[in-house]
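Text of final-v5.cif, listed as mmCIF, C-alpha atoms:
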data_final
#
loop_
_atom_site.group_PDB
_atom_site.id
_atom_site.type_symbol
_atom_site.label_atom_id
_atom_site.label_comp_id
_atom_site.auth_asym_id
_atom_site.auth_seq_id
_atom_site.Cartn_x
_atom_site.Cartn_y
_atom_site.Cartn_z
ATOM 1 C CA MET D 1 5.403 13.899 -0.829
ATOM 2 C CA VAL D 2 5.649 16.992 1.359
ATOM 3 C CA LEU D 3 7.180 16.314 4.751
ATOM 4 C CA SER D 4 5.707 17.829 7.899
ATOM 5 C CA GLU D 5 7.531 20.783 9.403
ATOM 6 C CA GLU D 6 8.553 18.624 12.362
ATOM 7 C CA GLN D 7 10.112 15.911 10.222
ATOM 8 C CA PRO D 8 13.926 15.844 10.560
ATOM 9 C CA THR D 9 15.650 16.560 7.267
ATOM 10 C CA ILE D 10 18.586 14.965 5.510
ATOM 11 C CA ASP D 11 20.802 17.570 7.186
ATOM 12 C CA PHE D 12 19.509 16.565 10.616
ATOM 13 C CA TRP D 13 20.356 12.894 10.096
ATOM 14 C CA GLU D 14 23.633 13.586 8.322
ATOM 15 C CA THR D 15 24.769 15.831 11.177
ATOM 16 C CA ALA D 16 23.819 13.122 13.678
ATOM 17 C CA TYR D 17 26.085 10.621 11.918
ATOM 18 C CA GLN D 18 28.939 13.057 11.467
ATOM 19 C CA THR D 19 28.864 14.101 15.139
ATOM 20 C CA GLY D 20 28.282 10.620 16.528
ATOM 21 C CA LYS D 21 24.886 11.483 18.021
ATOM 22 C CA THR D 22 23.365 8.157 17.041
ATOM 23 C CA GLY D 23 21.955 6.747 20.240
ATOM 24 C CA TRP D 24 19.676 4.385 18.332
ATOM 25 C CA ASP D 25 22.699 2.626 16.821
ATOM 26 C CA LEU D 26 23.439 -0.556 18.779
ATOM 27 C CA GLY D 27 26.774 -1.127 17.055
ATOM 28 C CA GLN D 28 25.527 -4.610 16.152
ATOM 29 C CA PRO D 29 22.518 -6.252 14.517
ATOM 30 C CA SER D 30 19.283 -6.041 16.456
ATOM 31 C CA PRO D 31 19.121 -9.047 18.807
ATOM 32 C CA VAL D 32 15.405 -9.233 18.030
ATOM 33 C CA LEU D 33 16.090 -9.631 14.312
ATOM 34 C CA ALA D 34 18.970 -12.009 14.967
ATOM 35 C CA ALA D 35 16.641 -14.238 16.983
ATOM 36 C CA TRP D 36 14.046 -14.034 14.202
ATOM 37 C CA ALA D 37 16.633 -15.102 11.613
ATOM 38 C CA ASP D 38 17.456 -18.165 13.746
ATOM 39 C CA ARG D 39 13.881 -19.429 13.722
ATOM 40 C CA PRO D 40 13.216 -22.671 11.804
ATOM 41 C CA ASP D 41 10.285 -21.062 9.969
ATOM 42 C CA VAL D 42 12.568 -18.404 8.464
ATOM 43 C CA LYS D 43 13.997 -19.582 5.155
ATOM 44 C CA PRO D 44 16.907 -17.430 3.912
ATOM 45 C CA GLY D 45 16.680 -16.180 0.377
ATOM 46 C CA GLY D 46 14.777 -13.637 -1.639
ATOM 47 C CA ARG D 47 15.254 -9.940 -2.136
ATOM 48 C CA MET D 48 15.135 -7.843 1.021
ATOM 49 C CA ALA D 49 14.813 -4.080 1.598
ATOM 50 C CA VAL D 50 16.107 -2.671 4.889
ATOM 51 C CA VAL D 51 14.507 0.746 5.356
ATOM 52 C CA GLY D 52 16.378 3.318 7.428
ATOM 53 C CA CYS D 53 19.341 0.960 7.368
ATOM 54 C CA GLY D 54 21.764 3.320 9.129
ATOM 55 C CA ARG D 55 25.296 1.964 9.323
ATOM 56 C CA GLY D 56 24.071 -1.352 7.974
ATOM 57 C CA HIS D 57 24.358 -3.629 11.015
ATOM 58 C CA ASP D 58 21.071 -5.416 10.289
ATOM 59 C CA ALA D 59 21.515 -5.316 6.523
ATOM 60 C CA VAL D 60 24.999 -6.821 6.563
ATOM 61 C CA PHE D 61 23.953 -9.497 9.048
ATOM 62 C CA LEU D 62 20.977 -10.516 6.928
ATOM 63 C CA ALA D 63 23.012 -10.473 3.718
ATOM 64 C CA ASP D 64 25.464 -12.809 5.433
ATOM 65 C CA ARG D 65 22.484 -15.077 6.197
ATOM 66 C CA GLY D 66 21.697 -15.431 2.516
ATOM 67 C CA PHE D 67 19.222 -12.660 1.740
ATOM 68 C CA GLN D 68 19.729 -10.353 -1.258
ATOM 69 C CA VAL D 69 19.793 -7.063 0.629
ATOM 70 C CA VAL D 70 19.271 -3.471 -0.450
ATOM 71 C CA GLY D 71 19.550 -0.907 2.352
ATOM 72 C CA PHE D 72 17.987 2.549 2.119
ATOM 73 C CA ASP D 73 18.863 5.558 4.259
ATOM 74 C CA LEU D 74 18.562 9.323 4.006
ATOM 75 C CA ALA D 75 22.042 10.133 5.348
ATOM 76 C CA PRO D 76 24.999 9.833 2.954
ATOM 77 C CA SER D 77 27.416 9.119 5.800
ATOM 78 C CA ALA D 78 25.282 6.187 6.956
ATOM 79 C CA ILE D 79 25.253 4.738 3.443
ATOM 80 C CA ALA D 80 29.029 5.099 3.112
ATOM 81 C CA GLU D 81 29.612 3.346 6.440
ATOM 82 C CA ALA D 82 27.161 0.573 5.585
ATOM 83 C CA ASP D 83 28.819 -0.010 2.244
ATOM 84 C CA GLN D 84 32.216 -0.241 3.946
ATOM 85 C CA ALA D 85 30.828 -2.644 6.547
ATOM 86 C CA ALA D 86 29.584 -4.949 3.793
ATOM 87 C CA ARG D 87 32.953 -4.887 2.084
ATOM 88 C CA ASP D 88 34.729 -5.572 5.376
ATOM 89 C CA ARG D 89 32.422 -8.522 6.000
ATOM 90 C CA GLY D 90 32.788 -9.758 2.428
ATOM 91 C CA VAL D 91 29.060 -9.871 1.706
ATOM 92 C CA ALA D 92 27.132 -8.636 -1.294
ATOM 93 C CA ALA D 93 24.733 -5.914 -0.185
ATOM 94 C CA GLU D 94 23.618 -2.768 -1.989
ATOM 95 C CA PHE D 95 23.105 0.543 -0.204
ATOM 96 C CA VAL D 96 21.106 3.438 -1.645
ATOM 97 C CA GLN D 97 20.923 6.995 -0.326
ATOM 98 C CA ALA D 98 17.233 7.816 -0.723
ATOM 99 C CA ASP D 99 14.085 9.067 0.973
ATOM 100 C CA ILE D 100 11.750 6.088 1.399
ATOM 101 C CA PHE D 101 8.788 8.402 0.801
ATOM 102 C CA ASN D 102 10.117 9.268 -2.645
ATOM 103 C CA LEU D 103 11.694 6.103 -3.982
ATOM 104 C CA ALA D 104 12.023 5.677 -7.716
ATOM 105 C CA ALA D 105 9.343 3.629 -9.438
ATOM 106 C CA ASN D 106 11.836 0.880 -10.285
ATOM 107 C CA TRP D 107 11.811 -0.203 -6.611
ATOM 108 C CA VAL D 108 8.066 -0.767 -6.499
ATOM 109 C CA GLY D 109 7.054 -4.391 -5.958
ATOM 110 C CA GLN D 110 10.631 -5.633 -6.094
ATOM 111 C CA PHE D 111 11.083 -7.192 -2.666
ATOM 112 C CA ASP D 112 10.162 -10.429 -0.950
ATOM 113 C CA TRP D 113 11.002 -8.883 2.406
ATOM 114 C CA VAL D 114 11.024 -5.452 4.021
ATOM 115 C CA ILE D 115 12.842 -5.067 7.334
ATOM 116 C CA GLU D 116 11.925 -2.333 9.819
ATOM 117 C CA HIS D 117 14.077 -1.396 12.814
ATOM 118 C CA THR D 118 14.210 2.183 14.182
ATOM 119 C CA CYS D 119 12.793 3.762 11.012
ATOM 120 C CA PHE D 120 9.096 3.864 11.952
ATOM 121 C CA CYS D 121 9.949 5.466 15.318
ATOM 122 C CA ALA D 122 12.243 8.053 13.697
ATOM 123 C CA ILE D 123 9.661 9.692 11.442
ATOM 124 C CA ASP D 124 7.103 12.202 12.621
ATOM 125 C CA PRO D 125 3.909 10.342 13.618
ATOM 126 C CA SER D 126 1.941 12.380 11.080
ATOM 127 C CA LEU D 127 3.822 10.487 8.363
ATOM 128 C CA ARG D 128 3.013 7.019 9.616
ATOM 129 C CA PRO D 129 0.138 6.366 7.191
ATOM 130 C CA ALA D 130 2.479 7.334 4.341
ATOM 131 C CA TYR D 131 5.138 5.039 5.810
ATOM 132 C CA VAL D 132 2.718 2.099 5.695
ATOM 133 C CA GLN D 133 2.030 2.864 2.039
ATOM 134 C CA ALA D 134 5.749 3.200 1.286
ATOM 135 C CA VAL D 135 6.730 -0.176 2.726
ATOM 136 C CA ARG D 136 3.728 -1.863 1.136
ATOM 137 C CA SER D 137 4.727 -0.467 -2.252
ATOM 138 C CA LEU D 138 8.162 -2.104 -1.988
ATOM 139 C CA LEU D 139 6.749 -5.579 -1.409
ATOM 140 C CA LYS D 140 5.631 -8.237 -3.805
ATOM 141 C CA ASP D 141 2.097 -9.451 -3.124
ATOM 142 C CA GLN D 142 3.465 -12.600 -1.465
ATOM 143 C CA GLY D 143 6.145 -10.733 0.478
ATOM 144 C CA SER D 144 6.568 -10.034 4.196
ATOM 145 C CA LEU D 145 7.225 -7.038 6.408
ATOM 146 C CA VAL D 146 9.293 -8.017 9.438
ATOM 147 C CA ALA D 147 9.393 -5.182 11.944
ATOM 148 C CA VAL D 148 10.907 -4.396 15.309
ATOM 149 C CA PHE D 149 8.477 -1.809 16.680
ATOM 150 C CA PHE D 150 9.669 0.421 19.539
ATOM 151 C CA ALA D 151 6.468 0.708 21.582
ATOM 152 C CA HIS D 152 7.229 3.196 24.351
ATOM 153 C CA ASP D 153 4.999 5.935 25.798
ATOM 154 C CA ARG D 154 7.530 8.682 26.514
ATOM 155 C CA PRO D 155 6.722 12.124 25.090
ATOM 156 C CA GLY D 156 8.628 13.750 22.260
ATOM 157 C CA GLY D 157 11.001 12.190 19.804
ATOM 158 C CA PRO D 158 12.605 10.889 17.790
ATOM 159 C CA PRO D 159 12.284 8.132 18.779
ATOM 160 C CA PHE D 160 8.520 8.661 18.763
ATOM 161 C CA GLY D 161 6.475 6.183 20.749
ATOM 162 C CA THR D 162 3.671 3.954 19.562
ATOM 163 C CA SER D 163 1.324 1.288 20.887
ATOM 164 C CA ILE D 164 0.026 -2.074 19.764
ATOM 165 C CA ALA D 165 -3.367 -0.479 19.132
ATOM 166 C CA GLU D 166 -1.836 2.163 16.858
ATOM 167 C CA ILE D 167 0.212 -0.402 14.946
ATOM 168 C CA GLN D 168 -2.909 -2.464 14.337
ATOM 169 C CA GLN D 169 -4.920 0.574 13.281
ATOM 170 C CA LEU D 170 -2.253 1.779 10.858
ATOM 171 C CA PHE D 171 -1.220 -1.494 9.277
ATOM 172 C CA GLU D 172 -4.306 -3.692 9.193
ATOM 173 C CA PRO D 173 -5.963 -1.946 6.221
ATOM 174 C CA GLN D 174 -3.024 -2.993 4.024
ATOM 175 C CA PHE D 175 -1.484 -5.923 5.908
ATOM 176 C CA VAL D 176 -2.519 -9.109 7.642
ATOM 177 C CA ILE D 177 -0.727 -9.124 10.991
ATOM 178 C CA GLN D 178 0.190 -12.750 11.458
ATOM 179 C CA GLU D 179 2.455 -12.079 14.430
ATOM 180 C CA LEU D 180 2.911 -9.149 16.807
ATOM 181 C CA GLN D 181 4.398 -9.915 20.192
ATOM 182 C CA ARG D 182 6.796 -8.535 22.738
ATOM 183 C CA SER D 183 10.315 -9.797 22.176
ATOM 184 C CA ALA D 184 12.351 -11.517 24.856
ATOM 185 C CA HIS D 185 15.573 -10.664 23.018
ATOM 186 C CA SER D 186 15.800 -6.883 23.457
ATOM 187 C CA ILE D 187 18.823 -5.156 24.928
ATOM 188 C CA ASN D 188 18.302 -4.044 28.533
ATOM 189 C CA ARG D 189 17.424 -0.412 27.837
ATOM 190 C CA ARG D 190 14.671 -1.465 25.411
ATOM 191 C CA ARG D 191 13.404 -4.437 27.384
ATOM 192 C CA ASN D 192 9.618 -4.836 27.302
ATOM 193 C CA GLU D 193 9.342 -2.075 24.672
ATOM 194 C CA GLU D 194 10.237 -3.902 21.452
ATOM 195 C CA TYR D 195 7.643 -5.930 19.585
ATOM 196 C CA LEU D 196 8.379 -8.250 16.703
ATOM 197 C CA GLY D 197 5.851 -7.993 13.910
ATOM 198 C CA TRP D 198 5.501 -10.295 10.912
ATOM 199 C CA LEU D 199 3.002 -8.891 8.447
ATOM 200 C CA ARG D 200 1.906 -9.915 4.970
ATOM 201 C CA PRO D 201 0.234 -7.722 2.355
ATOM 202 C CA ARG D 202 -3.527 -7.841 2.349
ATOM 203 C CA LEU D 203 -4.582 -8.834 -1.148
ATOM 204 C CA SER D 204 -7.625 -7.440 -2.900
ATOM 205 C CA SER D 205 -10.478 -9.928 -3.223
#
Take the structure I supplied and represent it as C-alpha cells, if you would.
Amino acid sequence: MVLSEEQPTIDFWETAYQTGKTGWDLGQPSPVLAAWADRPDVKPGGRMAVVGCGRGHDAVFLADRGFQVVGFDLAPSAIAEADQAARDRGVAAEFVQADIFNLAANWVGQFDWVIEHTCFCAIDPSLRPAYVQAVRSLLKDQGSLVAVFFAHDRPGGPPFGTSIAEIQQLFEPQFVIQELQRSAHSINRRRNEEYLGWLRPRLSS
C-alpha cells in the first residue's frame, strides 16, 4: 500500500526511539489493558498480535498472563528493546519489525486476539480504513480486537484524535462492537480520553 505524504516513516519512528522522544510510552503496560486482563470474562490463552507494540510493555505483560504474543512495530530499536524486555522478564514473546499495512501473507488469519494501544492514533487519519482492514486480516473469524482508543479532539498529531462516532463508522462494517466505553483506569493525563473497545469480526451471512 502507498502511504500518504503525511504518514511518518520508519526513519521518523526510529529517530524518536533513538532520541527518547517517545511521549506515548508509559514505561509500563497500559492500565486500561491491565484492568481488562483482570476481568473474569477474559480467559488467557490463544495467539495474540500486538500492533505498534513499541518497547513491548503491553506485549510482555500479556505474554506473562498466558497469551502467545507476537508484537509488530515499524522501528527496529523498539523491536530490539521489546525483545530484551521479554528476555529480562523470562517470557516467551516474538517481536517482528514490520509495517502492519504490508504484513506477509503468512500472518493472515493467524490470531485469536489483536491488541491496539497507541497505534491507531499514530497513523495518519487517511489510513484508518486501511488500518481496520489490516487488523481484521490478522484475526481468525472467531477472534477479538481489544483496543484502547485515544479519543481526544486536539488538532494535529500524532497522536491524532478520534471520536466514538468515527470509531463506529470505521469499524462497524467489518466488526461487531460488543463493548466501547470510557475507561476508569487511564493515567491522569489521558483521563476521560481513553475508551476500551472489544470488537469481534463481522461474519458474512
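Between CA of Val148 (chain D) and CA of Gln168 (chain D) the separation is 14.0 Å.
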Hits from the PyMOL selection byres ((chain D and resi 156-160) around 7), listed as a PDB file with C-alpha atoms, in the frame of the given file:
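Wrote result24.pdb, looks like this:
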ATOM      1  CA  CYS D 121       9.949   5.466  15.318  1.00  0.00           C
ATOM      2  CA  ALA D 122      12.243   8.053  13.697  1.00  0.00           C
ATOM      3  CA  ARG D 154       7.530   8.682  26.514  1.00  0.00           C
ATOM      4  CA  PRO D 155       6.722  12.124  25.090  1.00  0.00           C
ATOM      5  CA  GLY D 161       6.475   6.183  20.749  1.00  0.00           C
ATOM      6  CA  THR D 162       3.671   3.954  19.562  1.00  0.00           C
TER       7      THR D 162
END
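Residues in contact with Lys43 (chain D) at up to 12 Å, not including ones fewer than 6 positions away on its chain and judged by all atoms listed in the file, are D:Trp36, D:Ala37, D:Leu62, D:Arg65, D:Gly66, D:Phe67, D:Asp112, D:Trp113.
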Run the PyMOL selection byres ((chain D and resi 182) around 7) on the file and write out the hits as a PDB file with C-alpha atoms, in the coordinates of the input.
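Wrote it out as part-v1.pdb, contents follow:
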ATOM      1  CA  GLN D 181       4.398  -9.915  20.192  1.00  0.00           C
ATOM      2  CA  SER D 183      10.315  -9.797  22.176  1.00  0.00           C
ATOM      3  CA  ALA D 184      12.351 -11.517  24.856  1.00  0.00           C
ATOM      4  CA  ASN D 192       9.618  -4.836  27.302  1.00  0.00           C
ATOM      5  CA  GLU D 194      10.237  -3.902  21.452  1.00  0.00           C
ATOM      6  CA  TYR D 195       7.643  -5.930  19.585  1.00  0.00           C
ATOM      7  CA  LEU D 196       8.379  -8.250  16.703  1.00  0.00           C
TER       8      LEU D 196
END
Can you pull out the residues contacting region 102-105 of chain D? Cut-off 12 Å, using only C-alpha atoms, and skip same-chain residues under 2 positions away; I want them as a compact mmCIF listing (two decimals) with C-alpha atoms, keeping the file's coordinate frame.
# COMPACT_ATOMS: atom_id res chain seq x y z
CA MET D 1 5.40 13.90 -0.83
CA VAL D 2 5.65 16.99 1.36
CA LEU D 3 7.18 16.31 4.75
CA VAL D 51 14.51 0.75 5.36
CA PHE D 72 17.99 2.55 2.12
CA ASP D 73 18.86 5.56 4.26
CA LEU D 74 18.56 9.32 4.01
CA VAL D 96 21.11 3.44 -1.64
CA GLN D 97 20.92 7.00 -0.33
CA ALA D 98 17.23 7.82 -0.72
CA ASP D 99 14.08 9.07 0.97
CA ILE D 100 11.75 6.09 1.40
CA TRP D 107 11.81 -0.20 -6.61
CA VAL D 108 8.07 -0.77 -6.50
CA GLY D 109 7.05 -4.39 -5.96
CA GLN D 110 10.63 -5.63 -6.09
CA ALA D 130 2.48 7.33 4.34
CA TYR D 131 5.14 5.04 5.81
CA GLN D 133 2.03 2.86 2.04
CA ALA D 134 5.75 3.20 1.29
CA VAL D 135 6.73 -0.18 2.73
CA SER D 137 4.73 -0.47 -2.25
CA LEU D 138 8.16 -2.10 -1.99
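Residue selection for this entry, given the PyMOL selection byres ((chain D and resi 176) around 10), comprises Ser144, Gln168, Phe171, Glu172, Pro173, Gln174, Phe175, Ile177, Gln178, Glu179, Trp198, Leu199, Arg200, Pro201, Arg202 and Leu203 of chain D.
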Residue with smallest distance to Phe120 (chain D) - pool D:Cys53, D:Pro44, D:Phe61, D:Asn188, counting only C-alpha atoms: D:Cys53
Around all of region 114-124 of chain D's listed atoms, make the axis-aligned box with 5 Å on each side and tell me centre and edge lengths in Å to one decimal, as AutoDock Vina command-line options.
--center_x 10.7 --center_y 3.4 --center_z 9.7 --size_x 17.1 --size_y 27.7 --size_z 21.3
Report as a tab-separated table the residues of region 60-148 of chain D within 12 Å of region 23-34 of chain D, each with its shortest atom pair and distance in Å (one decimal), using only C-alpha atoms, ordered by chain and increasing residue number.
residue	atom	partner	partner_atom	distance
D:Val60	CA	D:Pro29	CA	8.4
D:Phe61	CA	D:Pro29	CA	6.5
D:Leu62	CA	D:Ala34	CA	8.4
D:Ala63	CA	D:Pro29	CA	11.6
D:Asp64	CA	D:Ala34	CA	11.6
D:Arg65	CA	D:Ala34	CA	9.9
D:Ala78	CA	D:Asp25	CA	10.8
D:Glu81	CA	D:Gly27	CA	11.9
D:Ala82	CA	D:Gly27	CA	11.6
D:Ala85	CA	D:Gln28	CA	11.1
D:Ile115	CA	D:Leu33	CA	8.9
D:Glu116	CA	D:Leu33	CA	9.5
D:His117	CA	D:Ser30	CA	7.9
D:Thr118	CA	D:Trp24	CA	7.2
D:Cys119	CA	D:Trp24	CA	10.1
D:Cys121	CA	D:Trp24	CA	10.2
D:Ala122	CA	D:Trp24	CA	9.5
D:Val146	CA	D:Leu33	CA	8.5
D:Ala147	CA	D:Leu33	CA	8.4
D:Val148	CA	D:Val32	CA	7.1
File of the preceding selection, C-alpha atoms, as a PDB file, in the frame of the given file:
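Saved to selection34.pdb:
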ATOM      1  CA  VAL D  60      24.999  -6.821   6.563  1.00  0.00           C
ATOM      2  CA  PHE D  61      23.953  -9.497   9.048  1.00  0.00           C
ATOM      3  CA  LEU D  62      20.977 -10.516   6.928  1.00  0.00           C
ATOM      4  CA  ALA D  63      23.012 -10.473   3.718  1.00  0.00           C
ATOM      5  CA  ASP D  64      25.464 -12.809   5.433  1.00  0.00           C
ATOM      6  CA  ARG D  65      22.484 -15.077   6.197  1.00  0.00           C
ATOM      7  CA  ALA D  78      25.282   6.187   6.956  1.00  0.00           C
ATOM      8  CA  GLU D  81      29.612   3.346   6.440  1.00  0.00           C
ATOM      9  CA  ALA D  82      27.161   0.573   5.585  1.00  0.00           C
ATOM     10  CA  ALA D  85      30.828  -2.644   6.547  1.00  0.00           C
ATOM     11  CA  ILE D 115      12.842  -5.067   7.334  1.00  0.00           C
ATOM     12  CA  GLU D 116      11.925  -2.333   9.819  1.00  0.00           C
ATOM     13  CA  HIS D 117      14.077  -1.396  12.814  1.00  0.00           C
ATOM     14  CA  THR D 118      14.210   2.183  14.182  1.00  0.00           C
ATOM     15  CA  CYS D 119      12.793   3.762  11.012  1.00  0.00           C
ATOM     16  CA  CYS D 121       9.949   5.466  15.318  1.00  0.00           C
ATOM     17  CA  ALA D 122      12.243   8.053  13.697  1.00  0.00           C
ATOM     18  CA  VAL D 146       9.293  -8.017   9.438  1.00  0.00           C
ATOM     19  CA  ALA D 147       9.393  -5.182  11.944  1.00  0.00           C
ATOM     20  CA  VAL D 148      10.907  -4.396  15.309  1.00  0.00           C
TER      21      VAL D 148
END
Starting from the sparse input, extend region 30-48 of chain D to N, CA, C and O atoms and give the output as a PDB file, in the coordinates of the input.
ATOM      1  N   SER D  30      20.307  -5.955  15.427  1.00  0.00           N
ATOM      2  CA  SER D  30      19.283  -6.041  16.456  1.00  0.00           C
ATOM      3  C   SER D  30      19.179  -7.473  16.973  1.00  0.00           C
ATOM      4  O   SER D  30      18.984  -8.412  16.186  1.00  0.00           O
ATOM      5  N   PRO D  31      19.295  -7.691  18.280  1.00  0.00           N
ATOM      6  CA  PRO D  31      19.121  -9.047  18.807  1.00  0.00           C
ATOM      7  C   PRO D  31      17.744  -9.630  18.500  1.00  0.00           C
ATOM      8  O   PRO D  31      17.597 -10.851  18.370  1.00  0.00           O
ATOM      9  N   VAL D  32      16.751  -8.759  18.368  1.00  0.00           N
ATOM     10  CA  VAL D  32      15.405  -9.233  18.030  1.00  0.00           C
ATOM     11  C   VAL D  32      15.392  -9.815  16.621  1.00  0.00           C
ATOM     12  O   VAL D  32      14.838 -10.895  16.384  1.00  0.00           O
ATOM     13  N   LEU D  33      16.019  -9.120  15.674  1.00  0.00           N
ATOM     14  CA  LEU D  33      16.090  -9.631  14.312  1.00  0.00           C
ATOM     15  C   LEU D  33      17.001 -10.845  14.220  1.00  0.00           C
ATOM     16  O   LEU D  33      16.723 -11.770  13.441  1.00  0.00           O
ATOM     17  N   ALA D  34      18.078 -10.849  14.984  1.00  0.00           N
ATOM     18  CA  ALA D  34      18.970 -12.009  14.967  1.00  0.00           C
ATOM     19  C   ALA D  34      18.241 -13.252  15.447  1.00  0.00           C
ATOM     20  O   ALA D  34      18.393 -14.351  14.875  1.00  0.00           O
ATOM     21  N   ALA D  35      17.423 -13.101  16.492  1.00  0.00           N
ATOM     22  CA  ALA D  35      16.641 -14.238  16.983  1.00  0.00           C
ATOM     23  C   ALA D  35      15.602 -14.672  15.950  1.00  0.00           C
ATOM     24  O   ALA D  35      15.357 -15.874  15.769  1.00  0.00           O
ATOM     25  N   TRP D  36      14.997 -13.702  15.272  1.00  0.00           N
ATOM     26  CA  TRP D  36      14.046 -14.034  14.202  1.00  0.00           C
ATOM     27  C   TRP D  36      14.733 -14.844  13.106  1.00  0.00           C
ATOM     28  O   TRP D  36      14.198 -15.851  12.634  1.00  0.00           O
ATOM     29  N   ALA D  37      15.920 -14.415  12.694  1.00  0.00           N
ATOM     30  CA  ALA D  37      16.633 -15.102  11.613  1.00  0.00           C
ATOM     31  C   ALA D  37      17.014 -16.528  11.981  1.00  0.00           C
ATOM     32  O   ALA D  37      17.201 -17.370  11.101  1.00  0.00           O
ATOM     33  N   ASP D  38      17.106 -16.821  13.277  1.00  0.00           N
ATOM     34  CA  ASP D  38      17.456 -18.165  13.746  1.00  0.00           C
ATOM     35  C   ASP D  38      16.257 -19.113  13.785  1.00  0.00           C
ATOM     36  O   ASP D  38      16.438 -20.311  14.011  1.00  0.00           O
ATOM     37  N   ARG D  39      15.067 -18.591  13.606  1.00  0.00           N
ATOM     38  CA  ARG D  39      13.881 -19.429  13.722  1.00  0.00           C
ATOM     39  C   ARG D  39      13.800 -20.452  12.580  1.00  0.00           C
ATOM     40  O   ARG D  39      14.174 -20.147  11.441  1.00  0.00           O
ATOM     41  N   PRO D  40      13.308 -21.657  12.858  1.00  0.00           N
ATOM     42  CA  PRO D  40      13.216 -22.671  11.804  1.00  0.00           C
ATOM     43  C   PRO D  40      12.219 -22.330  10.710  1.00  0.00           C
ATOM     44  O   PRO D  40      12.316 -22.867   9.600  1.00  0.00           O
ATOM     45  N   ASP D  41      11.257 -21.428  11.002  1.00  0.00           N
ATOM     46  CA  ASP D  41      10.285 -21.062   9.969  1.00  0.00           C
ATOM     47  C   ASP D  41      10.761 -19.907   9.101  1.00  0.00           C
ATOM     48  O   ASP D  41      10.015 -19.435   8.229  1.00  0.00           O
ATOM     49  N   VAL D  42      11.979 -19.453   9.307  1.00  0.00           N
ATOM     50  CA  VAL D  42      12.568 -18.404   8.464  1.00  0.00           C
ATOM     51  C   VAL D  42      13.520 -19.058   7.480  1.00  0.00           C
ATOM     52  O   VAL D  42      14.534 -19.643   7.874  1.00  0.00           O
ATOM     53  N   LYS D  43      13.190 -18.972   6.208  1.00  0.00           N
ATOM     54  CA  LYS D  43      13.997 -19.582   5.155  1.00  0.00           C
ATOM     55  C   LYS D  43      14.785 -18.495   4.436  1.00  0.00           C
ATOM     56  O   LYS D  43      14.191 -17.643   3.752  1.00  0.00           O
ATOM     57  N   PRO D  44      16.104 -18.464   4.582  1.00  0.00           N
ATOM     58  CA  PRO D  44      16.907 -17.430   3.912  1.00  0.00           C
ATOM     59  C   PRO D  44      16.711 -17.465   2.404  1.00  0.00           C
ATOM     60  O   PRO D  44      16.483 -18.519   1.807  1.00  0.00           O
ATOM     61  N   GLY D  45      16.819 -16.306   1.821  1.00  0.00           N
ATOM     62  CA  GLY D  45      16.680 -16.180   0.377  1.00  0.00           C
ATOM     63  C   GLY D  45      15.659 -15.120   0.036  1.00  0.00           C
ATOM     64  O   GLY D  45      14.875 -14.684   0.873  1.00  0.00           O
ATOM     65  N   GLY D  46      15.681 -14.678  -1.188  1.00  0.00           N
ATOM     66  CA  GLY D  46      14.777 -13.637  -1.639  1.00  0.00           C
ATOM     67  C   GLY D  46      15.391 -12.263  -1.485  1.00  0.00           C
ATOM     68  O   GLY D  46      16.387 -12.058  -0.793  1.00  0.00           O
ATOM     69  N   ARG D  47      14.764 -11.312  -2.140  1.00  0.00           N
ATOM     70  CA  ARG D  47      15.254  -9.940  -2.136  1.00  0.00           C
ATOM     71  C   ARG D  47      14.673  -9.191  -0.955  1.00  0.00           C
ATOM     72  O   ARG D  47      13.470  -9.252  -0.694  1.00  0.00           O
ATOM     73  N   MET D  48      15.519  -8.459  -0.241  1.00  0.00           N
ATOM     74  CA  MET D  48      15.135  -7.843   1.021  1.00  0.00           C
ATOM     75  C   MET D  48      15.519  -6.368   1.035  1.00  0.00           C
ATOM     76  O   MET D  48      16.663  -6.013   0.738  1.00  0.00           O
TER      77      MET D  48
END
